[in-house]
Amino acid sequence: PIASRDGADAEREADVGKMAQRAPPATRKLLRSALRGRRRTKRMSCLDRSPAASTMDVWRKADAVCFDVDSTVCIDEGLDELAAHLGAGEAVAAWTTKAMTGNVKFEDALKARLEIIQPSRQDLEDFLGTRESCLSPGIDLLVKKLQDKGVGVFLISGGFRQIIYPVADELGVPHSHVFANNFLFQPESGEFAGFDEQEFTSRSGGKAAAIKHIKQVHGYERLVMMGDGATDLEARQPGGADIFICYGGVVTRENVAKEADWFVDSFHPLIDALHV
């Protein structure tokens, strides 16, 4: 078992290294940091890599699974990459880190990042036109396995619909199953006009609110939230997600991982558990 774990860890680190080679500039730095974080994570005995039977039961019997997108479904942070494209990568990435660790309110960090970049419609179109596929290894297989079982798959993100819809299309997730923010532009000039503050995920606690909405609309009884950040952990509450799985395959936020029902740094344990 020890040799098997060591081999799996080495394989996973090789995967992350390959991701770093093909990642956009802003993400490359994040992934190299993730490699260092993985080595720290191995020494953290408190991370729950062996979930309780009740957690495993919810996973296997889940009616729906909701995924965070940035640093979970994808290896990058979409808004950070847009900022890098516009020459403001480092300043925006700093605010992203504050938001994901829970050090500031999400809505404050979102407004601060958008105030820095203020992308026009043309800026966004140019960015999307050059962006390559950035799916995390194994996510496509996990989504297909869940869909084949009749499990609802949703993408819930503090990112933006315009950036996330191509990801949803790649995974076969309908746009109606995407809950995210929305850029607003001036009708004539296409200049940045803000964002839709009525979207669930435009504020702290928004992912929990989105999940409550999904449960009410679809009648789901067992729902799983999976992600890497504090806003994902918030989704586990009465009426919200029944369990929270922390994904640390890109970055491990220790304060979030410690509170998870299950910590994984690869999607393979989740895929394997569906077959048991």
# chains A, B, ... in the order shown; residues from 1 in each chain; ligands from 1

$ select_by_dssp --residues "region 58-133 of chain A" --states "strand (DSSP E or B)" --output "list in words"
Ala64, Val65, Cys66, Phe67 and Cys74 of chain A

$ residues_around --residues "Thr101 (chain A)" --least-positions-apart "6" --cutoff "7 Å" --atoms "only C-alpha atoms" --output "compact mmCIF listing (two decimals) with N, CA and C atoms, in the first residue's frame"
# COMPACT_ATOMS: atom_id res chain seq x y z
N GLY A 229 -11.97 26.18 -2.44
CA GLY A 229 -11.92 27.42 -1.69
C GLY A 229 -12.93 27.55 -0.57
N ALA A 230 -12.79 28.65 0.17
CA ALA A 230 -13.67 28.92 1.30
C ALA A 230 -15.12 29.08 0.87
N ARG A 253 -5.67 24.64 -0.01
CA ARG A 253 -5.84 25.69 0.99
C ARG A 253 -6.11 24.97 2.31

$ residues_around --residues "region 110-120 of chain A" --least-positions-apart "3" --cutoff "8 Å" --atoms "only C-alpha atoms" --output "NGL selection string"
:A and (83 or 86 or 88 or 91-92 or 95-96 or 106-107 or 123-124 or 185 or 190-192 or 194 or 202)

$ write_last_selection --atoms "N, CA, C and O atoms" --output "PDB file, in the first residue's frame"
ATOM      1  N   ALA A  83      -7.123  38.856 -16.553  1.00  0.00           N
ATOM      2  CA  ALA A  83      -6.325  39.987 -16.065  1.00  0.00           C
ATOM      3  C   ALA A  83      -4.909  39.938 -16.626  1.00  0.00           C
ATOM      4  O   ALA A  83      -4.356  40.969 -17.036  1.00  0.00           O
ATOM      5  N   LEU A  86      -4.674  41.175 -19.982  1.00  0.00           N
ATOM      6  CA  LEU A  86      -4.792  42.632 -20.052  1.00  0.00           C
ATOM      7  C   LEU A  86      -3.666  43.340 -19.303  1.00  0.00           C
ATOM      8  O   LEU A  86      -3.711  44.554 -19.126  1.00  0.00           O
ATOM      9  N   ALA A  88      -2.653  42.882 -16.049  1.00  0.00           N
ATOM     10  CA  ALA A  88      -2.888  43.178 -14.632  1.00  0.00           C
ATOM     11  C   ALA A  88      -2.945  41.896 -13.801  1.00  0.00           C
ATOM     12  O   ALA A  88      -3.649  41.834 -12.787  1.00  0.00           O
ATOM     13  N   ALA A  91      -1.772  41.809  -9.674  1.00  0.00           N
ATOM     14  CA  ALA A  91      -2.645  42.555  -8.769  1.00  0.00           C
ATOM     15  C   ALA A  91      -3.970  41.836  -8.568  1.00  0.00           C
ATOM     16  O   ALA A  91      -4.493  41.754  -7.442  1.00  0.00           O
ATOM     17  N   VAL A  92      -4.517  41.270  -9.631  1.00  0.00           N
ATOM     18  CA  VAL A  92      -5.798  40.571  -9.543  1.00  0.00           C
ATOM     19  C   VAL A  92      -5.636  39.235  -8.826  1.00  0.00           C
ATOM     20  O   VAL A  92      -6.481  38.837  -8.015  1.00  0.00           O
ATOM     21  N   TRP A  95      -5.844  39.461  -5.050  1.00  0.00           N
ATOM     22  CA  TRP A  95      -7.215  39.554  -4.537  1.00  0.00           C
ATOM     23  C   TRP A  95      -7.927  38.202  -4.608  1.00  0.00           C
ATOM     24  O   TRP A  95      -8.719  37.852  -3.732  1.00  0.00           O
ATOM     25  N   THR A  96      -7.629  37.411  -5.634  1.00  0.00           N
ATOM     26  CA  THR A  96      -8.227  36.074  -5.747  1.00  0.00           C
ATOM     27  C   THR A  96      -7.814  35.208  -4.560  1.00  0.00           C
ATOM     28  O   THR A  96      -8.646  34.505  -3.959  1.00  0.00           O
ATOM     29  N   PHE A 106     -16.198  37.842  -0.329  1.00  0.00           N
ATOM     30  CA  PHE A 106     -16.036  37.551  -1.749  1.00  0.00           C
ATOM     31  C   PHE A 106     -16.460  38.741  -2.602  1.00  0.00           C
ATOM     32  O   PHE A 106     -15.786  39.093  -3.578  1.00  0.00           O
ATOM     33  N   GLU A 107     -17.589  39.380  -2.257  1.00  0.00           N
ATOM     34  CA  GLU A 107     -18.076  40.482  -3.073  1.00  0.00           C
ATOM     35  C   GLU A 107     -17.100  41.657  -3.106  1.00  0.00           C
ATOM     36  O   GLU A 107     -16.967  42.343  -4.125  1.00  0.00           O
ATOM     37  N   ASP A 123     -12.236  43.062 -25.352  1.00  0.00           N
ATOM     38  CA  ASP A 123     -11.174  42.443 -24.556  1.00  0.00           C
ATOM     39  C   ASP A 123     -11.519  40.989 -24.260  1.00  0.00           C
ATOM     40  O   ASP A 123     -10.672  40.094 -24.378  1.00  0.00           O
ATOM     41  N   LEU A 124     -12.762  40.771 -23.860  1.00  0.00           N
ATOM     42  CA  LEU A 124     -13.201  39.422 -23.505  1.00  0.00           C
ATOM     43  C   LEU A 124     -13.199  38.505 -24.717  1.00  0.00           C
ATOM     44  O   LEU A 124     -12.734  37.363 -24.644  1.00  0.00           O
ATOM     45  N   PHE A 185     -21.963  45.052 -20.243  1.00  0.00           N
ATOM     46  CA  PHE A 185     -21.257  45.971 -21.126  1.00  0.00           C
ATOM     47  C   PHE A 185     -22.216  47.043 -21.627  1.00  0.00           C
ATOM     48  O   PHE A 185     -23.430  46.836 -21.720  1.00  0.00           O
ATOM     49  N   GLY A 190     -19.661  48.774 -25.987  1.00  0.00           N
ATOM     50  CA  GLY A 190     -19.087  47.525 -25.499  1.00  0.00           C
ATOM     51  C   GLY A 190     -18.140  47.708 -24.325  1.00  0.00           C
ATOM     52  O   GLY A 190     -17.485  46.758 -23.898  1.00  0.00           O
ATOM     53  N   GLU A 191     -18.083  48.931 -23.788  1.00  0.00           N
ATOM     54  CA  GLU A 191     -17.224  49.187 -22.638  1.00  0.00           C
ATOM     55  C   GLU A 191     -17.778  48.510 -21.398  1.00  0.00           C
ATOM     56  O   GLU A 191     -18.990  48.258 -21.280  1.00  0.00           O
ATOM     57  N   PHE A 192     -16.900  48.208 -20.458  1.00  0.00           N
ATOM     58  CA  PHE A 192     -17.263  47.544 -19.210  1.00  0.00           C
ATOM     59  C   PHE A 192     -18.297  48.378 -18.449  1.00  0.00           C
ATOM     60  O   PHE A 192     -18.125  49.585 -18.279  1.00  0.00           O
ATOM     61  N   GLY A 194     -19.863  46.866 -15.473  1.00  0.00           N
ATOM     62  CA  GLY A 194     -20.075  46.221 -14.174  1.00  0.00           C
ATOM     63  C   GLY A 194     -20.432  44.758 -14.310  1.00  0.00           C
ATOM     64  O   GLY A 194     -20.127  44.105 -15.317  1.00  0.00           O
ATOM     65  N   SER A 202     -22.443  36.281  -6.792  1.00  0.00           N
ATOM     66  CA  SER A 202     -21.818  37.603  -6.762  1.00  0.00           C
ATOM     67  C   SER A 202     -21.486  38.046  -5.337  1.00  0.00           C
ATOM     68  O   SER A 202     -20.912  39.105  -5.137  1.00  0.00           O
TER      69      SER A 202
END

$ residues_around --residues "Asp272 (chain A)" --least-positions-apart "3" --cutoff "12 Å" --atoms "only C-alpha atoms" --output "list in words"
Met56, Trp59, Arg60, Gly138, Leu141, Leu142, Lys145, Leu146, Ser266, Phe267, His268, Pro269, His275 and Val276 of chain A

$ write_last_selection --atoms "C-alpha atoms" --output "mmCIF file, in the first residue's frame"
data_model
loop_
_atom_site.group_PDB
_atom_site.id
_atom_site.type_symbol
_atom_site.label_atom_id
_atom_site.label_comp_id
_atom_site.auth_asym_id
_atom_site.auth_seq_id
_atom_site.Cartn_x
_atom_site.Cartn_y
_atom_site.Cartn_z
ATOM 1 C CA MET A 56 -18.985 7.652 1.038
ATOM 2 C CA TRP A 59 -21.148 10.276 -2.661
ATOM 3 C CA ARG A 60 -22.363 6.995 -4.123
ATOM 4 C CA GLY A 138 -9.645 13.257 -15.067
ATOM 5 C CA LEU A 141 -14.086 11.128 -17.105
ATOM 6 C CA LEU A 142 -15.614 11.852 -13.689
ATOM 7 C CA LYS A 145 -19.342 8.644 -15.117
ATOM 8 C CA LEU A 146 -21.724 10.765 -13.054
ATOM 9 C CA SER A 266 -6.951 13.605 -7.824
ATOM 10 C CA PHE A 267 -10.354 12.722 -9.265
ATOM 11 C CA HIS A 268 -9.451 9.041 -9.504
ATOM 12 C CA PRO A 269 -10.508 8.076 -5.932
ATOM 13 C CA HIS A 275 -17.783 1.481 -9.029
ATOM 14 C CA VAL A 276 -17.878 -0.119 -5.563
#

$ closest_residue --among "A:Tyr220, A:Phe160, A:Phe127, A:Phe195" --to "Cys66 (chain A)" --atoms "only C-alpha atoms"
A:Tyr220

$ residues_around --residues "Gly78 (chain A)" --least-positions-apart "6" --cutoff "10 Å" --atoms "only C-alpha atoms" --output "list in words"
Ala26, Thr27, Val69, Asp70, Ser71, Ala84, Arg131, Cys134, Gly158, Gly159, Phe160, Ile163 and Ile164 of chain A

$ write_last_selection --atoms "N, CA, C and O atoms" --output "compact mmCIF listing (two decimals), in the first residue's frame"
# COMPACT_ATOMS: atom_id res chain seq x y z
N ALA A 26 -0.05 33.09 -15.96
CA ALA A 26 -0.51 33.32 -14.59
C ALA A 26 -0.74 32.01 -13.86
O ALA A 26 -0.54 31.91 -12.65
N THR A 27 -1.16 30.99 -14.59
CA THR A 27 -1.43 29.70 -13.96
C THR A 27 -0.15 28.90 -13.74
O THR A 27 -0.06 28.10 -12.81
N VAL A 69 -15.34 25.76 -10.45
CA VAL A 69 -14.67 25.71 -11.75
C VAL A 69 -13.18 26.04 -11.64
O VAL A 69 -12.32 25.22 -11.96
N ASP A 70 -12.85 27.24 -11.17
CA ASP A 70 -11.46 27.66 -11.11
C ASP A 70 -10.67 26.84 -10.10
O ASP A 70 -11.08 26.67 -8.95
N SER A 71 -9.54 26.30 -10.53
CA SER A 71 -8.65 25.47 -9.71
C SER A 71 -9.30 24.16 -9.25
O SER A 71 -8.81 23.50 -8.35
N ALA A 84 -4.31 38.74 -16.66
CA ALA A 84 -2.96 38.60 -17.21
C ALA A 84 -2.95 38.99 -18.68
O ALA A 84 -2.00 39.62 -19.17
N ARG A 131 -7.75 31.43 -25.81
CA ARG A 131 -7.66 30.54 -24.63
C ARG A 131 -7.75 29.08 -25.05
O ARG A 131 -8.64 28.68 -25.79
N CYS A 134 -8.33 23.99 -20.62
CA CYS A 134 -7.60 24.02 -19.36
C CYS A 134 -8.22 23.08 -18.33
O CYS A 134 -8.16 23.33 -17.14
N GLY A 158 -17.69 31.52 -8.76
CA GLY A 158 -17.60 32.96 -8.59
C GLY A 158 -16.99 33.62 -9.81
O GLY A 158 -16.82 34.84 -9.84
N GLY A 159 -16.66 32.82 -10.81
CA GLY A 159 -16.16 33.34 -12.08
C GLY A 159 -17.31 33.82 -12.95
O GLY A 159 -18.42 34.08 -12.46
N PHE A 160 -17.07 33.90 -14.24
CA PHE A 160 -18.05 34.53 -15.14
C PHE A 160 -18.53 33.59 -16.22
O PHE A 160 -17.78 32.81 -16.79
N ILE A 163 -16.80 33.10 -19.57
CA ILE A 163 -15.57 32.30 -19.56
C ILE A 163 -15.88 30.83 -19.29
O ILE A 163 -15.18 29.94 -19.79
N ILE A 164 -16.95 30.57 -18.54
CA ILE A 164 -17.28 29.21 -18.11
C ILE A 164 -18.09 28.42 -19.14
O ILE A 164 -17.95 27.20 -19.25

$ residues_around --residues "Asp232 (chain A)" --least-positions-apart "6" --cutoff "10 Å" --atoms "only C-alpha atoms" --output "count of residues only"
19

$ residues_around --residues "Ile211 (chain A)" --least-positions-apart "6" --cutoff "12 Å" --atoms "only C-alpha atoms" --output "MDAnalysis selection string"
chainID A and resid 64:68 153:157 177:179 200:201 205 217:226 232 234:243

$ write_last_selection --atoms "N, CA and C atoms" --output "CSV table (one decimal), in the first residue's frame"
chain,number,residue,atom,x,y,z
A,64,ALA,N,-27.0,14.8,-7.2
A,64,ALA,CA,-26.4,15.8,-8.0
A,64,ALA,C,-25.0,16.1,-7.4
A,65,VAL,N,-24.1,16.6,-8.2
A,65,VAL,CA,-22.8,17.0,-7.8
A,65,VAL,C,-22.5,18.4,-8.4
A,66,CYS,N,-22.2,19.3,-7.5
A,66,CYS,CA,-21.9,20.7,-8.0
A,66,CYS,C,-20.3,20.9,-7.9
A,67,PHE,N,-19.8,21.4,-9.0
A,67,PHE,CA,-18.3,21.6,-9.0
A,67,PHE,C,-18.0,23.1,-9.1
A,68,ASP,N,-17.0,23.5,-8.3
A,68,ASP,CA,-16.4,24.8,-8.5
A,68,ASP,C,-15.6,24.6,-9.8
A,153,VAL,N,-25.1,17.2,-12.9
A,153,VAL,CA,-23.8,17.8,-12.8
A,153,VAL,C,-24.0,19.3,-13.0
A,154,PHE,N,-23.5,20.1,-12.1
A,154,PHE,CA,-23.7,21.6,-12.1
A,154,PHE,C,-22.3,22.2,-11.9
A,155,LEU,N,-22.1,23.4,-12.5
A,155,LEU,CA,-21.0,24.2,-12.3
A,155,LEU,C,-21.4,25.5,-11.6
A,156,ILE,N,-20.8,25.6,-10.4
A,156,ILE,CA,-21.2,26.8,-9.5
A,156,ILE,C,-19.9,27.6,-9.3
A,157,SER,N,-19.8,28.8,-9.8
A,157,SER,CA,-18.5,29.5,-9.7
A,157,SER,C,-18.7,31.0,-9.4
A,177,HIS,N,-27.3,24.6,-16.2
A,177,HIS,CA,-26.7,24.0,-15.0
A,177,HIS,C,-25.5,24.8,-14.6
A,178,VAL,N,-25.3,26.0,-15.1
A,178,VAL,CA,-24.2,26.8,-14.8
A,178,VAL,C,-24.7,28.0,-13.9
A,179,PHE,N,-24.1,28.2,-12.8
A,179,PHE,CA,-24.4,29.3,-11.9
A,179,PHE,C,-23.1,30.1,-11.7
A,200,PHE,N,-26.5,34.6,-7.9
A,200,PHE,CA,-26.2,34.0,-6.6
A,200,PHE,C,-24.7,34.2,-6.2
A,201,THR,N,-23.8,33.9,-7.1
A,201,THR,CA,-22.4,33.8,-6.7
A,201,THR,C,-21.7,35.2,-6.8
A,205,GLY,N,-21.6,33.5,0.5
A,205,GLY,CA,-22.7,32.6,0.8
A,205,GLY,C,-23.5,32.3,-0.5
A,217,VAL,N,-35.7,23.4,-7.0
A,217,VAL,CA,-36.1,23.3,-8.4
A,217,VAL,C,-36.2,21.8,-8.8
A,218,HIS,N,-35.1,21.0,-8.5
A,218,HIS,CA,-35.0,19.7,-9.0
A,218,HIS,C,-35.5,18.6,-8.0
A,219,GLY,N,-35.7,19.0,-6.8
A,219,GLY,CA,-36.2,18.0,-5.8
A,219,GLY,C,-35.1,17.0,-5.4
A,220,TYR,N,-33.8,17.4,-5.5
A,220,TYR,CA,-32.7,16.6,-5.1
A,220,TYR,C,-32.7,16.4,-3.5
A,221,GLU,N,-32.4,15.2,-3.1
A,221,GLU,CA,-32.3,15.0,-1.6
A,221,GLU,C,-30.8,14.9,-1.2
A,222,ARG,N,-29.9,14.4,-2.0
A,222,ARG,CA,-28.5,14.3,-1.6
A,222,ARG,C,-27.7,15.0,-2.7
A,223,LEU,N,-26.9,16.0,-2.2
A,223,LEU,CA,-26.2,16.9,-3.1
A,223,LEU,C,-24.8,17.1,-2.6
A,224,VAL,N,-23.8,17.0,-3.5
A,224,VAL,CA,-22.4,17.1,-3.1
A,224,VAL,C,-21.8,18.4,-3.7
A,225,MET,N,-21.0,19.1,-2.9
A,225,MET,CA,-20.3,20.3,-3.4
A,225,MET,C,-18.8,19.9,-3.4
A,226,MET,N,-18.1,20.3,-4.5
A,226,MET,CA,-16.7,20.0,-4.6
A,226,MET,C,-15.9,21.2,-5.1
A,232,ASP,N,-16.6,27.5,-1.4
A,232,ASP,CA,-17.1,26.1,-1.7
A,232,ASP,C,-17.5,25.5,-0.3
A,234,GLU,N,-18.4,27.0,2.3
A,234,GLU,CA,-19.6,27.6,2.8
A,234,GLU,C,-20.9,27.0,2.3
A,235,ALA,N,-20.8,26.3,1.2
A,235,ALA,CA,-22.0,25.7,0.6
A,235,ALA,C,-22.5,24.5,1.4
A,236,ARG,N,-21.7,23.9,2.3
A,236,ARG,CA,-22.1,22.8,3.2
A,236,ARG,C,-22.8,23.4,4.4
A,237,GLN,N,-24.1,23.4,4.4
A,237,GLN,CA,-24.9,23.9,5.5
A,237,GLN,C,-26.3,23.4,5.4
A,238,PRO,N,-27.1,23.5,6.4
A,238,PRO,CA,-28.5,23.0,6.4
A,238,PRO,C,-29.2,23.5,5.2
A,239,GLY,N,-29.8,22.6,4.4
A,239,GLY,CA,-30.5,23.1,3.2
A,239,GLY,C,-29.6,23.2,2.0
A,240,GLY,N,-28.3,23.2,2.2
A,240,GLY,CA,-27.3,23.3,1.1
A,240,GLY,C,-26.7,22.0,0.8
A,241,ALA,N,-25.4,22.0,0.5
A,241,ALA,CA,-24.7,20.7,0.2
A,241,ALA,C,-24.7,19.8,1.4
A,242,ASP,N,-24.9,18.5,1.2
A,242,ASP,CA,-24.9,17.5,2.3
A,242,ASP,C,-23.4,17.2,2.7
A,243,ILE,N,-22.5,17.1,1.8
A,243,ILE,CA,-21.1,17.0,2.1
A,243,ILE,C,-20.3,17.9,1.2

$ closest_residue --among "A:Leu233, A:Val167, A:Leu79, A:Ala109" --to "Asn182 (chain A)" --atoms "only C-alpha atoms"
A:Leu79

$ atom_distance --atom1 "CA of Ser50 (chain A)" --atom2 "CA of Asn255 (chain A)"
18.1 Å

$ select_by_dssp --residues "region 32-164 of chain A" --states "helix (DSSP H, G or I)" --output "ChimeraX atom specification"
/A:32-42,53-61,69-73,78-85,89-100,106-117,121-130,139-148,161-164

$ write_last_selection --atoms "C-alpha atoms" --output "compact mmCIF listing (two decimals), in the first residue's frame"
# COMPACT_ATOMS: atom_id res chain seq x y z
CA ARG A 32 4.53 25.32 -9.50
CA SER A 33 3.40 26.58 -6.12
CA ALA A 34 0.91 23.69 -6.04
CA LEU A 35 3.75 21.18 -6.45
CA ARG A 36 5.40 22.62 -3.36
CA GLY A 37 2.04 22.59 -1.58
CA ARG A 38 1.50 18.91 -2.44
CA ARG A 39 4.70 18.03 -0.62
CA ARG A 40 3.48 19.95 2.43
CA THR A 41 0.10 18.25 2.13
CA LYS A 42 1.66 14.78 2.36
CA ALA A 53 -18.84 5.62 5.71
CA SER A 54 -21.63 8.20 5.79
CA THR A 55 -19.65 10.49 3.46
CA MET A 56 -18.99 7.65 1.04
CA ASP A 57 -22.67 6.71 1.14
CA VAL A 58 -23.72 10.24 0.15
CA TRP A 59 -21.15 10.28 -2.66
CA ARG A 60 -22.36 7.00 -4.12
CA LYS A 61 -26.04 7.87 -3.79
CA VAL A 69 -14.67 25.71 -11.75
CA ASP A 70 -11.46 27.66 -11.11
CA SER A 71 -8.65 25.47 -9.71
CA THR A 72 -11.04 22.49 -9.64
CA VAL A 73 -12.69 21.72 -12.97
CA GLY A 78 -10.30 32.35 -15.33
CA LEU A 79 -10.50 35.94 -14.11
CA ASP A 80 -6.79 35.92 -13.25
CA GLU A 81 -6.00 34.75 -16.78
CA LEU A 82 -8.17 37.48 -18.26
CA ALA A 83 -6.32 39.99 -16.06
CA ALA A 84 -2.96 38.60 -17.21
CA HIS A 85 -4.12 38.95 -20.81
CA GLY A 89 -2.30 39.57 -13.60
CA GLU A 90 -0.40 39.91 -10.33
CA ALA A 91 -2.64 42.55 -8.77
CA VAL A 92 -5.80 40.57 -9.54
CA ALA A 93 -4.30 37.23 -8.45
CA ALA A 94 -3.53 38.70 -5.02
CA TRP A 95 -7.21 39.55 -4.54
CA THR A 96 -8.23 36.07 -5.75
CA THR A 97 -6.05 34.47 -3.06
CA LYS A 98 -7.64 36.66 -0.37
CA ALA A 99 -11.12 35.66 -1.51
CA MET A 100 -10.40 31.91 -1.72
CA PHE A 106 -16.04 37.55 -1.75
CA GLU A 107 -18.08 40.48 -3.07
CA ASP A 108 -15.38 42.94 -1.96
CA ALA A 109 -12.66 40.95 -3.71
CA LEU A 110 -14.78 40.62 -6.86
CA LYS A 111 -15.41 44.37 -7.08
CA ALA A 112 -11.73 45.12 -6.43
CA ARG A 113 -10.57 42.79 -9.21
CA LEU A 114 -13.04 44.17 -11.73
CA GLU A 115 -12.13 47.72 -10.82
CA ILE A 116 -8.54 46.88 -11.76
CA ILE A 117 -9.18 45.24 -15.13
CA ARG A 121 -16.59 43.19 -24.64
CA GLN A 122 -13.79 43.19 -27.24
CA ASP A 123 -11.17 42.44 -24.56
CA LEU A 124 -13.20 39.42 -23.50
CA GLU A 125 -13.71 38.18 -27.05
CA ASP A 126 -9.99 38.51 -27.77
CA PHE A 127 -9.14 36.57 -24.61
CA LEU A 128 -11.60 33.75 -25.33
CA GLY A 129 -10.33 33.52 -28.88
CA THR A 130 -6.82 32.65 -27.71
CA ILE A 139 -12.53 15.73 -14.68
CA ASP A 140 -14.01 14.81 -18.06
CA LEU A 141 -14.09 11.13 -17.10
CA LEU A 142 -15.61 11.85 -13.69
CA VAL A 143 -18.34 14.04 -15.19
CA LYS A 144 -19.16 11.37 -17.78
CA LYS A 145 -19.34 8.64 -15.12
CA LEU A 146 -21.72 10.77 -13.05
CA GLN A 147 -23.91 11.62 -16.04
CA ASP A 148 -24.02 7.96 -17.09
CA ARG A 161 -20.49 32.82 -17.45
CA GLN A 162 -18.79 34.09 -20.57
CA ILE A 163 -15.57 32.30 -19.56
CA ILE A 164 -17.28 29.21 -18.11

$ atom_distance --atom1 "CA of Ala273 (chain A)" --atom2 "CA of Pro51 (chain A)"
10.9 Å
